[in-house]
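Inspection log for the structure reproduced underneath, given as structure tokens.
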Amino acid sequence: MNVHVAALAKSHRLDQQTTAFASDVIDDLSQTPKRLSPKYFYDAKGSELFEQITLLPEYYPTRTELSILRDQSGAISEMVPKGAALVEFGAGATTKVRLLLNECALGAYVPVDISGDFLQSQADALRKDFPALDVYPVTADFTTSFALPEAIGSMAKVGFFPGSTLGNFEPHEACAFLRSARDILGQGARLVIGVDLEKDESVLYKAYNDAAGVTARFNLNILNRINRELGGNFDTSAFTHRAIYNRDRHRIEMYLISGKAQTVRVLGHSFSFRPGETIHTESSYKYSLERFRALARASGWALLESWTDEASMFSVHALVASD
Ligand code: AVJ
């Protein structure tokens with residue numbers, strides 16, 4: 001963080017998380033081309049909009065992954081040692097982990113997420129339904145290193161990273177994340193991970209340009225969040241949503257496009273936009289089974305098994321740390 005943002009954070013009495021948000025927003029809007037990090041989509045409103053996205057007819061990933069977890073829960077549970085601690089990276093709703101809890105004899109569940117309040121309420125609900133399960137929530141940014149609770153020290157570790165969140169990482173970041181997960185979980189650990197697959201471009205296009213416009217609202221909400229939390233003055237009606245599939249880079253790219261020449265202020269900084277100028281807000285990488293396996297191998301993990309749905313829309317993999 002630069003000295004200027006640190007001083008601003010102090011004078012505006014921003015908490016630590018908001019200061020990190022401020023620093024990233026000011027740095028990212030100062031770049032050419034402008035960008036914002038997709039990890040900031042998920043304030044309360046953004047999380048609610050994402051939940052709506054998962055229910056859209058065009059948005060196949062969530063429902064397909066759930067069907068794989070449901071159909072293969074028996075096979076997946078065979079990859080999870082009895083009494084293991086399951087560490088979920090970026091735990092939001094507990095729908096997916098519940099499918100594993102029903103099948104696996106887990107010793108503990110460790111949801112890790114940056115949003116502490118939501119984490120606690122989800123943990124409480126889970127404790128009610130699984131009274132024998134020890135739940136140890138960790139409030140942390142799972143993309144950085146964090147410490148596991150001491151209570152699970154002696155248990156076997158299984159990481160859980162569903163939702164194709166890996167797709168938000170650039171390939172080198174995905175590799176760094178997988179290596180760091182391996183370091184955090186330790187020797188002999190396993191990882192169950194959900195990865196979205198390459199497919200017909202029109203299917204991908206529609207999943208990120210839904211007819212009801214929910215993805216557009218989700219994308220634009222990041223500007224509202226900047227207005228709310230950082231006192232920005234974005235006019236969201238002067239920006240539009242665009243998502244395209246970049247075939248060469250195997251990724252969906254989401255943008256916010258300025259409809260006119262305009263200047264926006266955020267925490268004393270001015271950002272000028274040309275008509276048609278873009279802010280790149282998200283990349284969502286799509287993998288082939290081969291490319292994902294090569295990535296896993298290069299990041300310190302060996303493949304135990306892969307599962308897909310009948311139409312090969314989505315994949316779930318069980319990996320083991322290789323030494
Ligand atoms: C949560 C990152 C998996 O890339 O499909 C959904 C986010 N963005 N619609 C995805 C998202 C637009 C989602 N991930």
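As shown in the structure tokens, the chain order sets the letters A, B, ...; within each chain, residues go from 1, and ligands are also counted from 1 in the order they appear.
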
Using only C-alpha atoms and all ligand atoms, tabulate the residues of chain A lying at most 8 Å from any atom of ligand 1, each with its closest atom pair and that distance in Å to one decimal, by chain and increasing residue number, as CSV.
```
residue,atom,partner,partner_atom_place_in_ligand_line,distance
A:Pro38,CA,ligand 1,2 (C),7.8
A:Phe50,CA,ligand 1,6 (C),6.6
A:Ile53,CA,ligand 1,9 (N),6.5
A:Thr54,CA,ligand 1,6 (C),7.7
A:Tyr59,CA,ligand 1,9 (N),7.7
A:Pro61,CA,ligand 1,5 (O),6.9
A:Gly163,CA,ligand 1,3 (C),5.2
A:Ser164,CA,ligand 1,3 (C),4.6
A:Thr165,CA,ligand 1,3 (C),4.5
A:Leu166,CA,ligand 1,2 (C),7.3
A:Gly167,CA,ligand 1,2 (C),6.1
A:Asn168,CA,ligand 1,2 (C),5.3
A:Asp196,CA,ligand 1,3 (C),8.0
A:Ala207,CA,ligand 1,9 (N),7.2
A:Tyr208,CA,ligand 1,9 (N),5.5
A:Thr215,CA,ligand 1,9 (N),5.8
A:Phe218,CA,ligand 1,12 (C),7.4
A:Asn219,CA,ligand 1,12 (C),7.4
A:Ile252,CA,ligand 1,4 (O),7.8
A:Met254,CA,ligand 1,12 (C),7.7
A:Glu282,CA,ligand 1,8 (N),7.1
A:Ser283,CA,ligand 1,4 (O),7.1
A:Ser284,CA,ligand 1,4 (O),4.4
A:Tyr285,CA,ligand 1,4 (O),7.5
```

> A:Glu58: which residues within 10 Å, counting only C-alpha atoms, same-chain residues fewer than 5 positions away excluded, as a VMD selection string?
Replying inline: chain A and resid 53 203 to 212

>> To test your reading of the structure, identify every residue in stretch 130-278 of chain A that backbone DSSP assigns to alpha helix (DSSP H), and report it as an MDAnalysis selection string.
In response: chainID A and resid 171:185 201:208 214:230

Would you save the residues of that selection, restricted to N, CA, C and O atoms, as a compact mmCIF listing (two decimals), in the first residue's frame?
```
# COMPACT_ATOMS: atom_id res chain seq x y z
N PRO A 171 -3.25 -18.05 -14.62
CA PRO A 171 -2.59 -19.35 -14.49
C PRO A 171 -1.44 -19.37 -13.47
O PRO A 171 -1.35 -20.30 -12.67
N HIS A 172 -0.61 -18.32 -13.44
CA HIS A 172 0.50 -18.34 -12.47
C HIS A 172 -0.01 -18.19 -11.04
O HIS A 172 0.54 -18.75 -10.10
N GLU A 173 -1.13 -17.46 -10.87
CA GLU A 173 -1.72 -17.32 -9.54
C GLU A 173 -2.37 -18.63 -9.10
O GLU A 173 -2.33 -18.98 -7.92
N ALA A 174 -2.99 -19.34 -10.05
CA ALA A 174 -3.63 -20.62 -9.75
C ALA A 174 -2.56 -21.59 -9.24
O ALA A 174 -2.78 -22.32 -8.27
N CYS A 175 -1.40 -21.58 -9.90
CA CYS A 175 -0.29 -22.44 -9.49
C CYS A 175 0.18 -22.05 -8.09
O CYS A 175 0.36 -22.91 -7.23
N ALA A 176 0.34 -20.75 -7.86
CA ALA A 176 0.79 -20.28 -6.53
C ALA A 176 -0.23 -20.64 -5.46
O ALA A 176 0.13 -21.06 -4.36
N PHE A 177 -1.53 -20.52 -5.78
CA PHE A 177 -2.56 -20.87 -4.80
C PHE A 177 -2.49 -22.35 -4.45
O PHE A 177 -2.54 -22.74 -3.28
N LEU A 178 -2.39 -23.21 -5.48
CA LEU A 178 -2.37 -24.65 -5.24
C LEU A 178 -1.14 -25.05 -4.41
O LEU A 178 -1.22 -25.91 -3.53
N ARG A 179 -0.01 -24.39 -4.67
CA ARG A 179 1.20 -24.65 -3.87
C ARG A 179 1.01 -24.21 -2.43
O ARG A 179 1.41 -24.90 -1.49
N SER A 180 0.39 -23.05 -2.25
CA SER A 180 0.20 -22.54 -0.91
C SER A 180 -0.80 -23.40 -0.14
O SER A 180 -0.62 -23.68 1.05
N ALA A 181 -1.84 -23.88 -0.83
CA ALA A 181 -2.81 -24.77 -0.18
C ALA A 181 -2.10 -26.03 0.30
O ALA A 181 -2.35 -26.55 1.39
N ARG A 182 -1.17 -26.51 -0.51
CA ARG A 182 -0.40 -27.72 -0.17
C ARG A 182 0.47 -27.45 1.06
O ARG A 182 0.57 -28.30 1.95
N ASP A 183 1.08 -26.27 1.13
CA ASP A 183 1.91 -25.92 2.29
C ASP A 183 1.05 -25.79 3.54
O ASP A 183 1.44 -26.23 4.63
N ILE A 184 -0.13 -25.16 3.40
CA ILE A 184 -1.00 -24.95 4.56
C ILE A 184 -1.54 -26.30 5.07
O ILE A 184 -1.55 -26.56 6.27
N LEU A 185 -1.94 -27.18 4.15
CA LEU A 185 -2.56 -28.45 4.54
C LEU A 185 -1.52 -29.47 4.98
O LEU A 185 -1.79 -30.33 5.81
N GLU A 201 -18.94 -22.15 -27.17
CA GLU A 201 -18.84 -20.73 -26.80
C GLU A 201 -20.18 -20.08 -26.52
O GLU A 201 -20.27 -19.19 -25.68
N SER A 202 -21.23 -20.53 -27.21
CA SER A 202 -22.53 -19.86 -27.02
C SER A 202 -23.09 -20.20 -25.63
O SER A 202 -23.77 -19.39 -25.01
N VAL A 203 -22.77 -21.39 -25.12
CA VAL A 203 -23.20 -21.78 -23.77
C VAL A 203 -22.48 -20.90 -22.74
O VAL A 203 -23.09 -20.38 -21.79
N LEU A 204 -21.18 -20.71 -22.95
CA LEU A 204 -20.39 -19.86 -22.05
C LEU A 204 -20.90 -18.42 -22.10
O LEU A 204 -21.08 -17.77 -21.07
N TYR A 205 -21.12 -17.94 -23.32
CA TYR A 205 -21.56 -16.55 -23.50
C TYR A 205 -22.86 -16.30 -22.74
O TYR A 205 -22.99 -15.33 -21.99
N LYS A 206 -23.82 -17.21 -22.90
CA LYS A 206 -25.14 -17.02 -22.27
C LYS A 206 -25.05 -17.09 -20.74
O LYS A 206 -25.80 -16.42 -20.04
N ALA A 207 -24.13 -17.91 -20.23
CA ALA A 207 -24.00 -18.05 -18.77
C ALA A 207 -23.55 -16.75 -18.12
O ALA A 207 -23.81 -16.52 -16.94
N TYR A 208 -22.87 -15.89 -18.89
CA TYR A 208 -22.36 -14.63 -18.34
C TYR A 208 -23.08 -13.41 -18.93
O TYR A 208 -22.70 -12.27 -18.65
N VAL A 214 -29.16 -10.34 -14.43
CA VAL A 214 -28.64 -10.45 -13.06
C VAL A 214 -27.11 -10.30 -13.04
O VAL A 214 -26.55 -9.63 -12.17
N THR A 215 -26.44 -10.91 -14.03
CA THR A 215 -24.97 -10.80 -14.07
C THR A 215 -24.55 -9.34 -14.29
O THR A 215 -23.55 -8.89 -13.69
N ALA A 216 -25.32 -8.61 -15.08
CA ALA A 216 -25.03 -7.18 -15.27
C ALA A 216 -25.13 -6.44 -13.94
O ALA A 216 -24.25 -5.63 -13.59
N ARG A 217 -26.17 -6.72 -13.17
CA ARG A 217 -26.34 -6.05 -11.86
C ARG A 217 -25.22 -6.43 -10.90
O ARG A 217 -24.72 -5.61 -10.13
N PHE A 218 -24.82 -7.72 -10.97
CA PHE A 218 -23.72 -8.23 -10.14
C PHE A 218 -22.43 -7.48 -10.48
O PHE A 218 -21.70 -7.02 -9.59
N ASN A 219 -22.16 -7.32 -11.76
CA ASN A 219 -20.95 -6.63 -12.22
C ASN A 219 -20.98 -5.15 -11.79
O ASN A 219 -20.02 -4.64 -11.20
N LEU A 220 -22.11 -4.48 -12.04
CA LEU A 220 -22.23 -3.05 -11.72
C LEU A 220 -22.20 -2.79 -10.21
O LEU A 220 -21.83 -1.70 -9.77
N ASN A 221 -22.59 -3.81 -9.42
CA ASN A 221 -22.63 -3.61 -7.97
C ASN A 221 -21.28 -3.25 -7.39
O ASN A 221 -21.18 -2.59 -6.34
N ILE A 222 -20.19 -3.64 -8.07
CA ILE A 222 -18.86 -3.31 -7.53
C ILE A 222 -18.67 -1.78 -7.51
O ILE A 222 -18.02 -1.24 -6.61
N LEU A 223 -19.31 -1.08 -8.47
CA LEU A 223 -19.24 0.40 -8.46
C LEU A 223 -20.06 0.96 -7.30
O LEU A 223 -19.63 1.90 -6.63
N ASN A 224 -21.24 0.37 -7.08
CA ASN A 224 -22.04 0.78 -5.90
C ASN A 224 -21.26 0.56 -4.62
O ASN A 224 -21.33 1.37 -3.70
N ARG A 225 -20.54 -0.55 -4.55
CA ARG A 225 -19.79 -0.84 -3.33
C ARG A 225 -18.70 0.22 -3.11
O ARG A 225 -18.48 0.66 -1.98
N ILE A 226 -18.05 0.63 -4.21
CA ILE A 226 -17.03 1.68 -4.10
C ILE A 226 -17.70 2.98 -3.62
O ILE A 226 -17.16 3.67 -2.74
N ASN A 227 -18.87 3.28 -4.15
CA ASN A 227 -19.60 4.48 -3.71
C ASN A 227 -19.92 4.39 -2.22
O ASN A 227 -19.69 5.34 -1.47
N ARG A 228 -20.46 3.24 -1.80
CA ARG A 228 -20.89 3.07 -0.40
C ARG A 228 -19.73 3.08 0.56
O ARG A 228 -19.73 3.79 1.56
N GLU A 229 -18.71 2.25 0.28
CA GLU A 229 -17.68 2.03 1.28
C GLU A 229 -16.52 3.02 1.18
O GLU A 229 -15.82 3.26 2.16
N LEU A 230 -16.31 3.58 -0.03
CA LEU A 230 -15.15 4.46 -0.20
C LEU A 230 -15.58 5.87 -0.60
O LEU A 230 -14.76 6.69 -1.02
```

> Using only C-alpha atoms, which residues sit within 6 Å of stretch 134-151 of chain A once same-chain residues fewer than 3 positions away are excluded, as a ChimeraX atom specification?
Replying inline: /A:89,108-114,116

Just the selected residues (all heavy atoms), exported as a tab-separated table (two decimals), in the first residue's frame, please.
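Final output, again_36.tsv:
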```
chain	number	residue	atom	x	y	z
A	89	PHE	N	-11.77	-23.61	1.40
A	89	PHE	CA	-11.20	-22.32	1.03
A	89	PHE	C	-12.27	-21.43	0.43
A	89	PHE	O	-12.85	-21.76	-0.61
A	89	PHE	CB	-10.07	-22.52	0.01
A	89	PHE	CG	-8.91	-23.29	0.55
A	89	PHE	CD1	-8.84	-24.67	0.43
A	89	PHE	CD2	-7.87	-22.62	1.21
A	89	PHE	CE1	-7.77	-25.38	0.95
A	89	PHE	CE2	-6.79	-23.32	1.72
A	89	PHE	CZ	-6.74	-24.71	1.59
A	108	ALA	N	-13.51	-32.84	11.75
A	108	ALA	CA	-13.74	-31.41	11.96
A	108	ALA	C	-13.96	-30.73	10.62
A	108	ALA	O	-13.57	-31.25	9.58
A	108	ALA	CB	-12.53	-30.77	12.67
A	109	TYR	N	-14.59	-29.56	10.68
A	109	TYR	CA	-14.81	-28.75	9.48
A	109	TYR	C	-14.27	-27.34	9.75
A	109	TYR	O	-14.60	-26.73	10.76
A	109	TYR	CB	-16.31	-28.71	9.14
A	109	TYR	CG	-16.67	-27.75	8.02
A	109	TYR	CD1	-16.04	-27.82	6.78
A	109	TYR	CD2	-17.66	-26.77	8.22
A	109	TYR	CE1	-16.39	-26.94	5.76
A	109	TYR	CE2	-18.01	-25.90	7.19
A	109	TYR	CZ	-17.37	-25.99	5.97
A	109	TYR	OH	-17.70	-25.11	4.96
A	110	VAL	N	-13.40	-26.88	8.84
A	110	VAL	CA	-12.75	-25.57	9.01
A	110	VAL	C	-13.07	-24.68	7.81
A	110	VAL	O	-12.38	-24.72	6.80
A	110	VAL	CB	-11.21	-25.73	9.14
A	110	VAL	CG1	-10.53	-24.38	9.38
A	110	VAL	CG2	-10.86	-26.72	10.25
A	111	PRO	N	-14.17	-23.91	7.89
A	111	PRO	CA	-14.47	-22.99	6.79
A	111	PRO	C	-13.59	-21.74	6.91
A	111	PRO	O	-13.49	-21.17	7.99
A	111	PRO	CB	-15.94	-22.64	6.99
A	111	PRO	CG	-16.20	-22.86	8.45
A	111	PRO	CD	-15.19	-23.86	8.95
A	112	VAL	N	-12.96	-21.36	5.80
A	112	VAL	CA	-12.07	-20.19	5.80
A	112	VAL	C	-12.65	-19.14	4.86
A	112	VAL	O	-12.86	-19.42	3.68
A	112	VAL	CB	-10.65	-20.56	5.32
A	112	VAL	CG1	-9.71	-19.35	5.40
A	112	VAL	CG2	-10.10	-21.73	6.12
A	113	ASP	N	-12.95	-17.96	5.37
A	113	ASP	CA	-13.48	-16.91	4.50
A	113	ASP	C	-13.16	-15.55	5.08
A	113	ASP	O	-12.98	-15.39	6.28
A	113	ASP	CB	-15.00	-17.06	4.33
A	113	ASP	CG	-15.49	-16.37	3.07
A	113	ASP	OD1	-15.78	-15.16	3.13
A	113	ASP	OD2	-15.54	-17.02	2.02
A	114	ILE	N	-13.11	-14.56	4.17
A	114	ILE	CA	-12.78	-13.20	4.57
A	114	ILE	C	-13.97	-12.52	5.25
A	114	ILE	O	-13.80	-11.64	6.08
A	114	ILE	CB	-12.30	-12.39	3.33
A	114	ILE	CG1	-11.74	-11.03	3.72
A	114	ILE	CG2	-13.41	-12.24	2.30
A	114	ILE	CD1	-10.53	-10.66	2.92
A	116	GLY	N	-16.34	-12.53	7.91
A	116	GLY	CA	-16.46	-13.15	9.22
A	116	GLY	C	-17.89	-13.36	9.71
A	116	GLY	O	-18.21	-14.41	10.27
```

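Shortest atom-to-atom contact with A:Tyr40 among A:Ser115, A:Val320, A:Thr64, A:Lys82: A:Ser115, counting only C-alpha atoms.
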
> With only C-alpha atoms as the atoms that count, which of A:Tyr287, A:Gln187, A:Thr94, A:Ile279 lies nearest to A:Asp124?
Replying inline: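 Residue with the minimum atom-to-atom distance to A:Asp124: A:Thr94.
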
>> Rounded to one decimal, what separation in Å do you get between atom CA of A:Ala22 and atom CA of A:Thr278?
In response: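 Separating atom CA of A:Ala22 from atom CA of A:Thr278 is a distance of 19.6 Å.
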